[in-house]
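*Asks:* Dropping a structure here in structure tokens format, bear with me for questions.
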Amino acid sequence: MDFLKAELATKRKALEQDANRPSKYMRRGEMEKLKEEQERQRRIEEEKAKQEAEAKAKSKKVESLKANERSASRSISPAAPPTNEGSSSNPSASFNISNEEAIRRLRAKGQPIRLFGESDKDRRLRLRALELIEENDAKEGGGGLNDFKRALAGMEEGIDAKEIERRMLAGKNSPAPGGADTPGSDGDAKGKKGDKAAKPKVQEVLDLTLVQRDPNALYPIIYRVLKDVLNEWAEAMDERPDAVKRSAQGKMAAATQVTSADNLKPLFRMLRQRNLPADVLPKLAEIVHHMQKRQYQRANDAYLRLSIGNAAWPIGVTMVGIHERSAREKISSDQVAHVLNDEVSRKYIQSVKRLLTFHQTKYPPDDISQLMG
């Protein structure tokens with residue numbers, strides 16, 4: 001009897017210990033609940049590990065920044081204050097602006113005003129990096145703005161600077177006390193300007209026979225003529241009234257002149273070095289010749305032959321098959337379109353056309369049939 005009681009006690013104790021153990025068979029709902037609990041525990045652990053890693057990285061970054069600041073403060077002696085060169089070598093130290101200004105500049109650039117986990121100092125450094133990238137793109141000619149928009153954006157500042165310079169010159173050239181004019185007075189300036197206007201610049205007309213006789217003699221003539229027309233265009237832009245300069249159309253006209261001057265620099269460089277392509281030089285000489293004689297219709301025809309050519313395929317196709325066909329000689333390399341060769345040639349050829357248009361506006365032809373369309 002005692003044996004039976006002891007056996008029942010051991011069985012009862014075993015059942016009590018196994019009460020928390022899952023049964024042999026489980027329902028689907030219980031299995032899903034168990035999986036969800038395990039997944040929740042795993043996510044909590046991953047989140048904790050991620051937060052700990054971010055806190056460690058942030059603390060390391062703060063420590064490195066503090067170490068850099070301490071080393072910089074040690075390197076600068078208190079007796080010798082930092083010069084401009086030192087401040088320019090450390091852009092983060094000189095780029096000290098308020099948070100409101102940093103937010104305004106970032107919004108103007110279309111950038112987020114704060115990234116996740118970014119401090120105010122990191123935001124200023126990010127803004128400085130964006131501005132340096134834009135400056136480098138502007139120097140290299142790239143970036144989001146094209147040349148015309150960049151020139152148009154600088155027109156207002158250029159107009160204000162010229163207005164200040166003109167007023168300073170007017171103050172220097174004002175009459176002396178007592179009514180006597182100084183040697184550099186406005187009257188003398190007007191007289192000089194009148195003499196200059198009364199004696200227009202006389203240029204020799206380019207001789208087209210030089211294309212065959214002496215092509216090297218064409219370079220200085222073309223350079224001088226185009227340079228004079230470009231300078232006259234710039235003077236015409238400066239002589240406009242202030243109301244016209246500050247209008248939308250006036251700013252666009254000035255931006256067009258500035259952009260054309262920049263685009264013509266490669267052409268002027270090739271003319272100075274006398275290495276213009278042999279098939280471009282005759283057509284450019286023809287344009288200059290007809291422009292000097294005010295035969296703008298013929299000059300425009302020469303421009304069209306230079307820009308788009310007169311071939312059946314004006315994109316440079318000079319071999320259309322392996323067999324010799326009839327009229328094969330009509331597709332020659334001198335009939336290809338030079339405006340489609342590269343971006344530099346396209347820009348300076350279009351700028352030559354703008355010079356031709358300005359010359360026609362300032363010096364209209366005697367025969368109305370010679371006007372460009």
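Labels used: A, B, ... for chains in the order of the structure tokens, numbers from 1 for residues in each chain, and numbers from 1 for ligands as shown.
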If you count only C-alpha atoms, which residues fall within 10 Å of Ile349 (chain A), apart from same-chain ones fewer than 6 positions away, as a list in words?
*Replies:*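 With the cut-off at 10 Å, the set is Ser260, Asn263, Leu264, Leu267, Leu284, Tyr303, Leu306, Ser307, His338, Val339 and Leu355 of chain A.
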*Asks:* Which residues are close to Ala236 (chain A), i.e. within 10 Å by only C-alpha atoms, leaving aside same-chain residues fewer than 5 positions away? Reply as a list in words.
*Replies:*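 With the cut-off at 10 Å, the set is Leu230, Asn231, Ala254, Phe358 and Lys362 of chain A.
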*Asks:* For the residues selected in the previous step, produce a file with N, CA and C atoms as a PDB file, in the first residue's frame.
*Replies:*
```
ATOM      1  N   LEU A 230      32.285  92.207 -82.885  1.00  0.00           N
ATOM      2  CA  LEU A 230      31.932  91.819 -81.511  1.00  0.00           C
ATOM      3  C   LEU A 230      32.085  92.995 -80.549  1.00  0.00           C
ATOM      4  N   ASN A 231      33.123  93.801 -80.718  1.00  0.00           N
ATOM      5  CA  ASN A 231      33.300  94.983 -79.860  1.00  0.00           C
ATOM      6  C   ASN A 231      32.215  96.018 -80.114  1.00  0.00           C
ATOM      7  N   ALA A 254      21.495  91.288 -73.777  1.00  0.00           N
ATOM      8  CA  ALA A 254      22.844  91.368 -73.210  1.00  0.00           C
ATOM      9  C   ALA A 254      23.408  89.980 -72.913  1.00  0.00           C
ATOM     10  N   PHE A 358      23.633  91.140 -86.191  1.00  0.00           N
ATOM     11  CA  PHE A 358      23.878  92.465 -85.610  1.00  0.00           C
ATOM     12  C   PHE A 358      24.442  93.426 -86.655  1.00  0.00           C
ATOM     13  N   LYS A 362      22.941  97.130 -87.687  1.00  0.00           N
ATOM     14  CA  LYS A 362      23.652  98.407 -87.565  1.00  0.00           C
ATOM     15  C   LYS A 362      23.987  99.015 -88.915  1.00  0.00           C
TER      16      LYS A 362
END
```
